[in-house]
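So this one's model-v3.tsv, TSV, C-alpha atoms:
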chain	number	residue	atom	x	y	z
A	1	MET	CA	20.52	56.68	51.95
A	2	ASP	CA	16.84	55.68	52.20
A	3	GLU	CA	17.85	52.12	53.26
A	4	ILE	CA	19.72	53.23	56.40
A	5	GLU	CA	18.47	55.22	59.38
A	6	ILE	CA	20.32	58.46	59.98
A	7	PRO	CA	20.97	59.24	63.68
A	8	PRO	CA	18.41	61.95	64.67
A	9	HIS	CA	21.07	64.30	66.06
A	10	PHE	CA	22.75	64.35	62.63
A	11	LEU	CA	19.62	65.88	61.07
A	12	CYS	CA	19.01	69.63	60.79
A	13	PRO	CA	15.88	70.59	62.80
A	14	ILE	CA	14.80	72.88	59.92
A	15	SER	CA	15.44	70.87	56.74
A	16	LEU	CA	15.37	67.39	58.42
A	17	GLN	CA	18.30	66.52	56.14
A	18	LEU	CA	21.80	65.31	57.06
A	19	MET	CA	23.81	68.35	58.16
A	20	ARG	CA	26.76	69.23	55.92
A	21	ASP	CA	28.02	72.25	57.88
A	22	PRO	CA	26.61	72.13	61.43
A	23	VAL	CA	26.65	75.42	63.34
A	24	THR	CA	25.37	76.26	66.82
A	25	ILE	CA	23.45	79.43	67.69
A	26	SER	CA	23.25	81.22	71.06
A	27	THR	CA	20.42	78.97	72.33
A	28	GLY	CA	22.71	75.93	72.06
A	29	ILE	CA	20.75	74.31	69.20
A	30	THR	CA	22.73	73.11	66.17
A	31	TYR	CA	21.48	73.58	62.58
A	32	ASP	CA	22.88	73.17	59.09
A	33	ARG	CA	24.47	76.48	58.09
A	34	ASP	CA	22.44	76.96	54.87
A	35	SER	CA	19.11	76.37	56.64
A	36	ILE	CA	19.72	78.65	59.64
A	37	GLU	CA	21.19	81.41	57.45
A	38	LYS	CA	18.03	81.38	55.30
A	39	TRP	CA	15.89	81.42	58.47
A	40	LEU	CA	17.76	84.36	60.02
A	41	PHE	CA	18.92	86.46	57.08
A	42	SER	CA	16.53	85.78	54.18
A	43	CYS	CA	13.31	85.18	56.15
A	44	LYS	CA	14.29	87.79	58.80
A	45	HIS	CA	13.21	85.63	61.75
A	46	LYS	CA	14.42	86.80	65.16
A	47	ALA	CA	13.83	83.63	67.23
A	48	CYS	CA	15.38	80.17	67.47
A	49	PRO	CA	13.27	77.77	65.34
A	50	VAL	CA	13.29	75.04	68.02
A	51	THR	CA	13.08	76.94	71.33
A	52	GLN	CA	11.38	80.10	69.98
A	53	GLN	CA	13.72	82.14	72.22
A	54	VAL	CA	14.49	85.60	70.89
A	55	LEU	CA	18.06	85.75	69.56
A	56	HIS	CA	20.06	88.78	70.68
A	57	ASP	CA	22.85	88.02	68.22
A	58	SER	CA	23.11	86.06	64.97
A	59	ASP	CA	26.56	84.53	65.57
A	60	LEU	CA	26.94	81.04	64.12
A	61	THR	CA	29.60	78.88	65.80
A	62	PRO	CA	30.87	75.91	63.74
A	63	ASN	CA	30.22	72.62	65.55
A	64	HIS	CA	33.43	70.84	64.51
A	65	THR	CA	32.89	67.86	66.82
A	66	LEU	CA	29.47	67.06	65.37
A	67	ARG	CA	30.73	67.61	61.82
A	68	ARG	CA	33.59	65.10	62.36
A	69	LEU	CA	31.13	62.57	63.85
A	70	ILE	CA	28.90	62.95	60.78
A	71	GLN	CA	31.90	62.54	58.45
A	72	ALA	CA	32.99	59.40	60.34
A	73	TRP	CA	29.44	57.99	60.13
A	74	CYS	CA	29.41	58.69	56.38
A	75	ILE	CA	32.69	56.74	55.92
A	76	LEU	CA	31.41	53.78	57.99
A	77	ASN	CA	28.28	53.63	55.83
A	78	ALA	CA	29.94	54.18	52.45
A	79	SER	CA	28.86	50.67	51.40
A	80	HIS	CA	25.25	51.88	51.61
A	81	GLY	CA	25.92	54.58	49.01
A	82	ILE	CA	26.45	57.40	51.52
A	83	GLU	CA	29.07	59.91	50.42
A	84	ARG	CA	31.37	61.61	52.92
A	85	ILE	CA	30.43	65.26	53.40
A	86	PRO	CA	33.32	67.59	52.50
A	87	THR	CA	34.93	69.79	55.13
A	88	PRO	CA	33.32	73.23	54.61
A	89	LYS	CA	35.37	76.28	53.77
A	90	PRO	CA	35.93	78.55	56.78
A	91	PRO	CA	33.29	81.34	56.88
A	92	ILE	CA	34.17	84.84	55.79
A	93	ASP	CA	35.26	87.06	58.65
A	94	LYS	CA	34.73	90.82	58.58
A	95	THR	CA	38.33	91.40	59.73
A	96	GLN	CA	39.54	89.67	56.55
A	97	ILE	CA	37.38	91.94	54.41
A	98	ALA	CA	38.47	95.05	56.34
A	99	LYS	CA	42.13	94.11	55.80
A	100	LEU	CA	41.52	93.62	52.07
A	101	ILE	CA	39.85	97.06	51.80
A	102	LYS	CA	42.62	98.72	53.80
A	103	GLU	CA	45.23	97.33	51.41
A	104	ALA	CA	43.23	98.48	48.37
A	105	LYS	CA	43.00	102.01	49.77
A	106	LYS	CA	46.71	102.12	50.52
A	107	PHE	CA	47.88	100.50	47.27
A	108	PRO	CA	45.69	101.37	44.23
A	109	GLU	CA	47.14	98.42	42.31
A	110	MET	CA	45.38	96.15	44.86
A	111	GLN	CA	41.97	97.50	43.85
A	112	LEU	CA	41.50	94.87	41.15
A	113	LYS	CA	42.09	92.00	43.60
A	114	CYS	CA	39.85	93.64	46.20
A	115	LEU	CA	36.90	94.18	43.84
A	116	LYS	CA	37.12	90.63	42.49
A	117	ARG	CA	37.06	89.24	46.04
A	118	LEU	CA	34.21	91.50	47.14
A	119	ARG	CA	32.16	90.39	44.14
A	120	SER	CA	32.63	86.70	44.97
A	121	ILE	CA	31.72	87.36	48.63
A	122	ALA	CA	28.59	89.34	47.68
A	123	LEU	CA	27.36	86.46	45.53
A	124	GLU	CA	28.04	83.78	48.17
A	125	GLY	CA	25.09	84.43	50.48
A	126	VAL	CA	23.12	86.76	52.73
A	127	LYS	CA	25.34	86.23	55.80
A	128	HIS	CA	28.41	87.25	53.81
A	129	ARG	CA	26.64	90.37	52.57
A	130	SER	CA	26.09	91.49	56.16
A	131	CYS	CA	29.82	90.90	56.79
A	132	LEU	CA	30.62	93.18	53.84
A	133	GLU	CA	28.54	95.93	55.39
A	134	ALA	CA	30.06	95.50	58.85
A	135	ALA	CA	33.60	95.62	57.40
A	136	GLY	CA	33.04	98.98	55.67
A	137	ALA	CA	32.78	97.58	52.13
A	138	VAL	CA	29.76	99.74	51.30
A	139	GLU	CA	31.65	102.97	52.03
A	140	PHE	CA	34.61	101.68	49.99
A	141	LEU	CA	32.40	100.87	46.98
A	142	VAL	CA	30.66	104.25	47.25
A	143	SER	CA	34.04	106.02	47.17
A	144	ILE	CA	34.97	104.21	43.94
A	145	ILE	CA	31.63	105.07	42.31
A	146	LYS	CA	32.09	108.72	43.28
A	147	SER	CA	35.52	108.79	41.62
A	148	TYR	CA	34.04	107.94	38.15
A	149	ASP	CA	37.37	106.21	37.54
A	150	SER	CA	37.42	105.54	33.80
A	151	THR	CA	41.18	104.94	33.70
A	152	LEU	CA	41.21	101.83	35.88
A	153	LEU	CA	39.91	98.93	33.78
A	154	LEU	CA	39.16	95.56	35.31
A	155	GLU	CA	39.30	92.26	33.43
A	156	VAL	CA	36.25	90.12	34.17
A	157	GLU	CA	35.34	86.66	32.93
A	158	SER	CA	32.05	86.09	31.10
A	159	ASN	CA	30.50	83.35	28.98
A	160	GLU	CA	31.97	85.03	25.91
A	161	GLY	CA	35.49	85.17	27.39
A	162	SER	CA	37.31	88.09	29.03
A	163	ASP	CA	36.02	91.64	29.04
A	164	PHE	CA	37.15	94.97	30.47
A	165	ILE	CA	34.92	97.26	32.52
A	166	LYS	CA	35.39	100.45	34.53
A	167	ALA	CA	36.14	100.12	38.23
A	168	SER	CA	33.14	102.34	39.04
A	169	ASP	CA	30.83	100.04	37.04
A	170	GLU	CA	32.13	96.97	38.86
A	171	ALA	CA	31.75	98.69	42.25
A	172	LEU	CA	28.16	99.57	41.35
A	173	SER	CA	27.39	95.96	40.39
A	174	ILE	CA	28.82	94.69	43.69
A	175	LEU	CA	26.90	97.32	45.68
A	176	TYR	CA	23.63	96.29	44.01
A	177	HIS	CA	24.19	92.58	44.59
A	178	SER	CA	25.16	93.21	48.23
A	179	LYS	CA	21.53	94.15	49.00
A	180	VAL	CA	22.51	96.90	51.41
A	181	SER	CA	20.38	97.20	54.57
A	182	GLU	CA	17.84	99.99	55.00
A	183	SER	CA	19.80	101.61	57.82
A	184	CYS	CA	22.94	101.77	55.68
A	185	LEU	CA	21.05	103.19	52.69
A	186	LYS	CA	19.46	105.85	54.93
A	187	SER	CA	22.89	106.81	56.23
A	188	ILE	CA	24.26	107.15	52.67
A	189	ILE	CA	21.48	109.38	51.37
A	190	ARG	CA	21.44	111.48	54.56
A	191	ASN	CA	25.17	112.15	54.68
A	192	ASP	CA	26.38	111.88	51.08
A	193	GLN	CA	24.45	113.90	48.51
A	194	GLU	CA	27.50	113.65	46.25
A	195	PHE	CA	26.85	109.92	45.90
A	196	VAL	CA	23.39	110.52	44.41
A	197	GLU	CA	24.96	112.99	41.97
A	198	SER	CA	27.49	110.29	41.04
A	199	LEU	CA	24.63	107.89	40.32
A	200	VAL	CA	23.02	110.47	38.02
A	201	HIS	CA	26.38	110.70	36.21
A	202	LEU	CA	26.32	106.91	35.74
A	203	LEU	CA	22.73	107.08	34.49
A	204	LYS	CA	23.87	109.60	31.90
A	205	ASN	CA	27.17	108.03	30.81
A	206	GLY	CA	27.21	104.41	31.99
A	207	SER	CA	26.70	101.19	30.06
A	208	TYR	CA	23.20	99.73	29.77
A	209	GLN	CA	23.95	97.29	32.61
A	210	SER	CA	25.29	100.06	34.87
A	211	ARG	CA	22.24	102.22	34.14
A	212	ALA	CA	19.99	99.29	35.09
A	213	TYR	CA	21.83	98.70	38.40
A	214	THR	CA	21.83	102.46	39.10
A	215	THR	CA	18.07	102.76	38.55
A	216	MET	CA	17.31	99.82	40.84
A	217	LEU	CA	19.67	101.17	43.51
A	218	LEU	CA	18.11	104.65	43.29
A	219	LYS	CA	14.66	103.10	43.69
A	220	ASP	CA	15.78	101.48	46.96
A	221	ILE	CA	17.40	104.74	48.14
A	222	PHE	CA	14.46	107.04	47.44
A	223	GLU	CA	11.96	104.69	49.08
A	224	LEU	CA	13.79	105.63	52.31
A	225	ALA	CA	14.44	109.33	51.57
A	226	ASP	CA	12.94	112.16	53.64
A	227	PRO	CA	10.58	114.79	52.11
A	228	ILE	CA	13.31	117.42	51.61
A	229	GLN	CA	15.35	114.98	49.54
A	230	LEU	CA	12.28	113.93	47.55
A	231	ILE	CA	11.40	117.55	46.76
A	232	SER	CA	14.92	118.57	45.78
A	233	VAL	CA	15.59	116.10	42.93
A	234	THR	CA	16.84	117.88	39.82
A	235	PRO	CA	15.20	118.03	36.36
A	236	GLU	CA	18.29	116.24	35.01
A	237	PHE	CA	17.73	113.36	37.46
A	238	LEU	CA	14.11	112.85	36.37
A	239	ALA	CA	15.01	113.20	32.69
A	240	GLU	CA	17.58	110.39	33.06
A	241	ILE	CA	15.04	108.14	34.80
A	242	VAL	CA	12.63	108.77	31.91
A	243	ARG	CA	15.40	107.94	29.42
A	244	THR	CA	16.05	104.62	31.22
A	245	LEU	CA	12.35	103.85	30.90
A	246	ARG	CA	12.32	104.85	27.22
A	247	ASP	CA	15.33	102.66	26.40
A	248	GLN	CA	13.70	99.59	28.04
A	249	ILE	CA	17.06	98.23	29.20
A	250	SER	CA	15.39	95.40	31.13
A	251	GLN	CA	12.04	94.62	32.76
A	252	GLN	CA	13.58	95.06	36.21
A	253	ALA	CA	15.07	98.45	35.33
A	254	SER	CA	11.82	99.64	33.72
A	255	LYS	CA	9.76	98.68	36.77
A	256	ALA	CA	12.32	100.35	39.06
A	257	ALA	CA	12.12	103.53	36.92
A	258	LEU	CA	8.30	103.48	37.10
A	259	LYS	CA	8.40	103.03	40.88
A	260	LEU	CA	10.88	105.91	41.18
A	261	LEU	CA	8.61	108.20	39.15
A	262	MET	CA	5.63	107.10	41.26
A	263	GLU	CA	7.56	107.83	44.47
A	264	LEU	CA	8.86	111.23	43.34
A	265	SER	CA	5.98	112.71	41.31
A	266	PRO	CA	3.72	113.78	44.21
A	267	TRP	CA	6.46	115.96	45.76
A	268	GLY	CA	7.00	119.67	45.04
A	269	ARG	CA	7.38	120.49	41.35
A	270	ASN	CA	8.47	116.97	40.43
A	271	ARG	CA	5.41	116.38	38.26
A	272	ILE	CA	6.32	119.33	36.07
A	273	LYS	CA	9.99	118.28	35.99
A	274	ALA	CA	8.97	114.77	34.89
A	275	VAL	CA	6.64	116.13	32.22
A	276	GLU	CA	9.38	118.41	30.90
A	277	GLY	CA	11.66	115.34	30.84
A	278	GLY	CA	9.28	113.64	28.39
A	279	ALA	CA	7.63	111.25	30.85
A	280	VAL	CA	4.07	111.49	29.48
A	281	PHE	CA	5.02	110.53	25.91
A	282	VAL	CA	7.21	107.64	27.14
A	283	LEU	CA	4.45	106.32	29.44
A	284	ILE	CA	1.87	106.31	26.63
A	285	GLU	CA	4.32	104.52	24.33
A	286	LEU	CA	4.95	101.96	27.09
A	287	LEU	CA	1.19	101.34	27.45
A	288	LEU	CA	0.95	100.81	23.69
A	289	GLU	CA	3.75	98.22	23.71
A	290	THR	CA	3.51	96.29	26.99
A	291	SER	CA	1.25	93.42	27.94
A	292	ASN	CA	2.80	93.11	31.40
A	293	LYS	CA	0.19	93.61	34.12
A	294	ARG	CA	2.38	95.31	36.74
A	295	ALA	CA	4.13	97.55	34.20
A	296	SER	CA	0.71	98.69	32.88
A	297	GLU	CA	-0.54	99.39	36.41
A	298	LEU	CA	2.56	101.41	37.34
A	299	ALA	CA	2.48	103.37	34.05
A	300	LEU	CA	-1.20	104.29	34.61
A	301	ILE	CA	-0.52	105.29	38.24
A	302	VAL	CA	2.31	107.65	37.18
A	303	LEU	CA	0.28	108.98	34.24
A	304	ASP	CA	-2.59	109.72	36.63
A	305	GLN	CA	-0.18	111.66	38.86
A	306	LEU	CA	1.20	113.67	35.93
A	307	CYS	CA	-2.26	114.45	34.56
A	308	GLY	CA	-2.91	116.17	37.88
A	309	CYS	CA	-1.07	119.22	36.51
A	310	ALA	CA	-1.95	121.32	33.43
A	311	GLU	CA	1.41	120.63	31.79
A	312	GLY	CA	0.86	116.87	32.09
A	313	ARG	CA	-2.63	117.03	30.57
A	314	ALA	CA	-1.39	119.17	27.68
A	315	GLU	CA	1.36	116.66	26.86
A	316	PHE	CA	-1.12	113.80	27.18
A	317	LEU	CA	-3.45	115.35	24.61
A	318	LYS	CA	-0.58	116.00	22.19
A	319	HIS	CA	-0.11	112.24	21.81
A	320	GLY	CA	-2.51	110.91	19.21
A	321	ALA	CA	-3.03	107.59	20.98
A	322	GLY	CA	-3.30	108.79	24.59
A	323	LEU	CA	-7.07	108.73	25.04
A	324	ALA	CA	-7.51	105.53	23.05
A	325	ILE	CA	-4.87	103.45	24.89
A	326	VAL	CA	-5.92	104.59	28.38
A	327	SER	CA	-9.53	103.72	27.55
A	328	LYS	CA	-8.45	100.36	26.11
A	329	LYS	CA	-6.71	99.39	29.38
A	330	ILE	CA	-10.03	99.56	31.29
A	331	PHE	CA	-11.16	95.98	32.12
A	332	ARG	CA	-8.13	94.49	30.30
A	333	VAL	CA	-5.48	94.66	33.04
A	334	SER	CA	-6.81	94.79	36.61
A	335	HIS	CA	-9.16	96.72	38.92
A	336	VAL	CA	-6.21	98.95	39.89
A	337	ALA	CA	-5.49	99.76	36.24
A	338	SER	CA	-9.17	100.40	35.45
A	339	ASN	CA	-9.49	102.77	38.40
A	340	ARG	CA	-6.39	104.75	37.36
A	341	ALA	CA	-7.46	104.87	33.71
A	342	VAL	CA	-10.86	106.32	34.67
A	343	ARG	CA	-9.13	108.85	36.95
A	344	ILE	CA	-6.93	110.00	34.03
A	345	LEU	CA	-10.02	110.43	31.82
A	346	TRP	CA	-11.72	112.32	34.67
A	347	SER	CA	-8.78	114.77	34.91
A	348	ILE	CA	-8.89	115.40	31.15
A	349	CYS	CA	-12.68	115.85	31.07
A	350	ARG	CA	-12.76	118.02	34.18
A	351	PHE	CA	-9.97	120.44	33.30
A	352	SER	CA	-8.97	120.12	29.61
A	353	ALA	CA	-12.14	119.21	27.73
A	354	THR	CA	-12.17	121.24	24.50
A	355	SER	CA	-14.75	120.43	21.81
A	356	ARG	CA	-12.05	118.60	19.83
A	357	VAL	CA	-11.18	116.45	22.84
A	358	LEU	CA	-14.84	115.59	23.50
A	359	GLN	CA	-15.36	114.57	19.86
A	360	GLU	CA	-12.23	112.43	19.91
A	361	MET	CA	-13.47	110.67	23.05
A	362	LEU	CA	-16.66	109.77	21.21
A	363	LEU	CA	-14.85	108.58	18.08
A	364	VAL	CA	-12.24	106.36	19.78
A	365	GLY	CA	-14.77	104.68	22.08
A	366	VAL	CA	-13.94	106.38	25.39
A	367	VAL	CA	-17.56	107.39	26.06
A	368	ALA	CA	-18.84	103.91	25.25
A	369	LYS	CA	-16.24	102.39	27.60
A	370	LEU	CA	-17.35	104.74	30.41
A	371	CYS	CA	-20.95	103.55	29.92
A	372	LEU	CA	-19.67	99.98	30.16
A	373	VAL	CA	-17.97	100.84	33.48
A	374	LEU	CA	-21.43	101.63	34.88
A	375	GLN	CA	-22.78	98.27	33.70
A	376	LEU	CA	-19.98	95.90	34.70
A	377	ASP	CA	-18.35	95.02	38.01
A	378	SER	CA	-16.24	98.03	39.06
A	379	SER	CA	-15.40	99.64	42.37
A	380	TYR	CA	-17.77	102.26	43.74
A	381	LYS	CA	-15.21	105.06	43.30
A	382	THR	CA	-14.50	104.06	39.68
A	383	LYS	CA	-18.22	104.05	38.84
A	384	GLU	CA	-18.71	107.43	40.51
A	385	LYS	CA	-15.86	108.96	38.48
A	386	ALA	CA	-17.28	107.50	35.25
A	387	ARG	CA	-20.78	108.75	36.10
A	388	GLU	CA	-19.43	112.24	36.87
A	389	ILE	CA	-17.61	112.39	33.51
A	390	LEU	CA	-20.72	111.30	31.57
A	391	LYS	CA	-22.97	113.77	33.39
A	392	LEU	CA	-20.45	116.59	32.89
A	393	HIS	CA	-20.63	116.35	29.09
A	394	SER	CA	-24.08	114.82	28.57
A	395	ARG	CA	-25.18	117.66	26.22
A	396	VAL	CA	-22.44	116.69	23.75
A	397	TRP	CA	-22.50	112.91	24.15
A	398	ARG	CA	-25.92	111.71	25.28
A	399	ASN	CA	-27.66	111.41	21.91
A	400	SER	CA	-24.59	110.51	19.86
A	401	SER	CA	-24.81	107.67	17.34
A	402	CYS	CA	-21.26	106.69	18.35
A	403	ILE	CA	-22.59	105.06	21.54
A	404	PRO	CA	-24.07	101.57	20.93
A	405	SER	CA	-27.76	101.35	21.89
A	406	HIS	CA	-27.17	98.62	24.51
A	407	LEU	CA	-24.76	100.98	26.31
A	408	LEU	CA	-26.77	104.15	25.84
A	409	SER	CA	-29.33	102.81	28.32
A	410	SER	CA	-26.62	103.09	31.00
A	411	TYR	CA	-26.03	106.80	30.32
A	412	PRO	CA	-26.85	108.64	33.57
A	413	SER	CA	-29.52	111.31	33.61
A	414	SER	CA	-28.09	114.77	34.19

Encoded form using structure tokens:
Amino acid sequence: MDEIEIPPHFLCPISLQLMRDPVTISTGITYDRDSIEKWLFSCKHKACPVTQQVLHDSDLTPNHTLRRLIQAWCILNASHGIERIPTPKPPIDKTQIAKLIKEAKKFPEMQLKCLKRLRSIALEGVKHRSCLEAAGAVEFLVSIIKSYDSTLLLEVESNEGSDFIKASDEALSILYHSKVSESCLKSIIRNDQEFVESLVHLLKNGSYQSRAYTTMLLKDIFELADPIQLISVTPEFLAEIVRTLRDQISQQASKAALKLLMELSPWGRNRIKAVEGGAVFVLIELLLETSNKRASELALIVLDQLCGCAEGRAEFLKHGAGLAIVSKKIFRVSHVASNRAVRILWSICRFSATSRVLQEMLLVGVVAKLCLVLQLDSSYKTKEKAREILKLHSRVWRNSSCIPSHLLSSYPSS
């Protein structure tokens, strides 16, 4: 193809490649379907790439005339190694999806066919996902999840052959891969509390994969929830999120669980609920095991939130490795992690500092690390927290032989 010049009007203005499926937008400019769909739906641009006019609709009209001209040109130049572009499949129309859903609702035996088709559409591209939403597929999938239907088993193909899964698990997978819009998620959580309860049921009883999808979906939902919904989460809900984190189903699910705990902990009595659900122990164990930067940061952020209550600090001190691992993370992860680690130590020293705790902090190197914070490059707030901790307990720590002499010089005067 490099040896022959392609007519300029056959090239997509975005990719500058030969168009395989030319479509025209409302400004009259024609683009290759893949390129303009990425521009509009993945990159969220609102203007025509060529004219920069604001687009009031995202309708893509197939340019059949241009596509046939390109195909004819490809045939004429076959001797130059140019292959004829195939005729593209007709795009998915929301009326087709709506008809499929209507049939599945009317005839339960059609549910298998419907779910299989919805899955293939959800995986085909962003434009098709928006068609799913417009056709009412989200509400249909939510209704299946709410039914907990364990009697309807669907046969699905995998690399290992055929397998059978619950209809509710398949609906959940499709819903997650559909990447539902914010407005639709807000509508669900505002009008359908039963759906959230259904997701908690799946967290409790679902397969590992379903629990992972549920956690990631709940993270998206609660990022958009209002304060009343954030305050009113149940102890069972938080306990199940902690269990997902403990089981380490996948990195994605663990990070979603950490973000959920971070989002929920500041509200109402959620810190206490999370502590009672075993969150502190699980977070410390995660810090001991992970080397992932973001997971460490999120775990320290949540641990800092939970140590803001007496129950959280008590659970923290029950774990034999809590003080040591939090101190160890200072300077080894990021500035964010160091700041949160010092804040956790500040909470312990300010409100829960028994003589045993103070001695342990000396023995495991916490006090020496705080002196190092004053010497090395740290944020102003982190240094001030470290200085406050050292001043607060200078009578116990200042002259201790556990602090190396090169660090003792940094110990602040009281």

Worksheet item: Leaving out Ala171 in chain A and any residue of its chain fewer than 2 positions from it, which residues lie within 8 Å of it when counting all atoms listed in the file, given as a PyMOL selection string?
Response: chain A and resi 115+141-142+144-145+167-169+173-175

Kindly export the residues of the current selection with C-alpha atoms, as a short mmCIF file (atom, residue, chain, number, x, y, z; two decimals), keeping the file's coordinate frame.
data_model
loop_
_atom_site.label_atom_id
_atom_site.label_comp_id
_atom_site.auth_asym_id
_atom_site.auth_seq_id
_atom_site.Cartn_x
_atom_site.Cartn_y
_atom_site.Cartn_z
CA LEU A 115 36.90 94.18 43.84
CA LEU A 141 32.40 100.87 46.98
CA VAL A 142 30.66 104.25 47.25
CA ILE A 144 34.97 104.21 43.94
CA ILE A 145 31.63 105.07 42.31
CA ALA A 167 36.14 100.12 38.23
CA SER A 168 33.14 102.34 39.04
CA ASP A 169 30.83 100.04 37.04
CA SER A 173 27.39 95.96 40.39
CA ILE A 174 28.82 94.69 43.69
CA LEU A 175 26.90 97.32 45.68
#

Practice prompt. Using all atoms listed in the file, determine which residues lie at most 12 Å from His64 in chain A, disregarding the query and same-chain residues fewer than 2 positions distant; provide the list as a list in words.
Written response: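 The contact residues come out as Met19, Arg20, Asp21, Pro22, Val23, Thr24, Thr30, Thr61, Pro62, Leu66, Arg67, Arg68, Leu69, Ile70, Gln71, Thr87, Pro88 and Pro90 of chain A.
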
Hey, can I get the axis-aligned box for range 314-329 of chain A? All listed atoms, 5 Å padding on each side, centre and edge lengths in Å to one decimal, as lines of an AutoDock Vina configuration file.
center_x = -4.1
center_y = 109.3
center_z = 24.3
size_x = 20.9
size_y = 29.8
size_z = 20.2

Worksheet item: Which distance in Å separates CA of Ser379 in chain A and CA of Cys402 in chain A, to one decimal?
Response: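 That distance, rounded to one decimal, is 25.7 Å.
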
Item to complete: Rank nothing, just name the residue among A:Val342, A:Ala279, A:Ala337, A:Leu40 nearest to Leu298 in chain A, using only C-alpha atoms.
Response: A:Ala337

Discussion item. Under the rule that all atoms listed in the file are counted, which of A:Asp59, A:His9, A:Lys166, A:Leu287 is the nearest residue to Gln111 in chain A?
Written reply: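 Residue with the minimum atom-to-atom distance to Gln111 in chain A: A:Lys166.
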
Practice prompt. Have a look at CA of Ala257 in chain A and CA of Asn339 in chain A and let me know their distance in Å, one decimal.
Written response: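 One can read the CA of Ala257 in chain A to CA of Asn339 in chain A distance as 21.7 Å.
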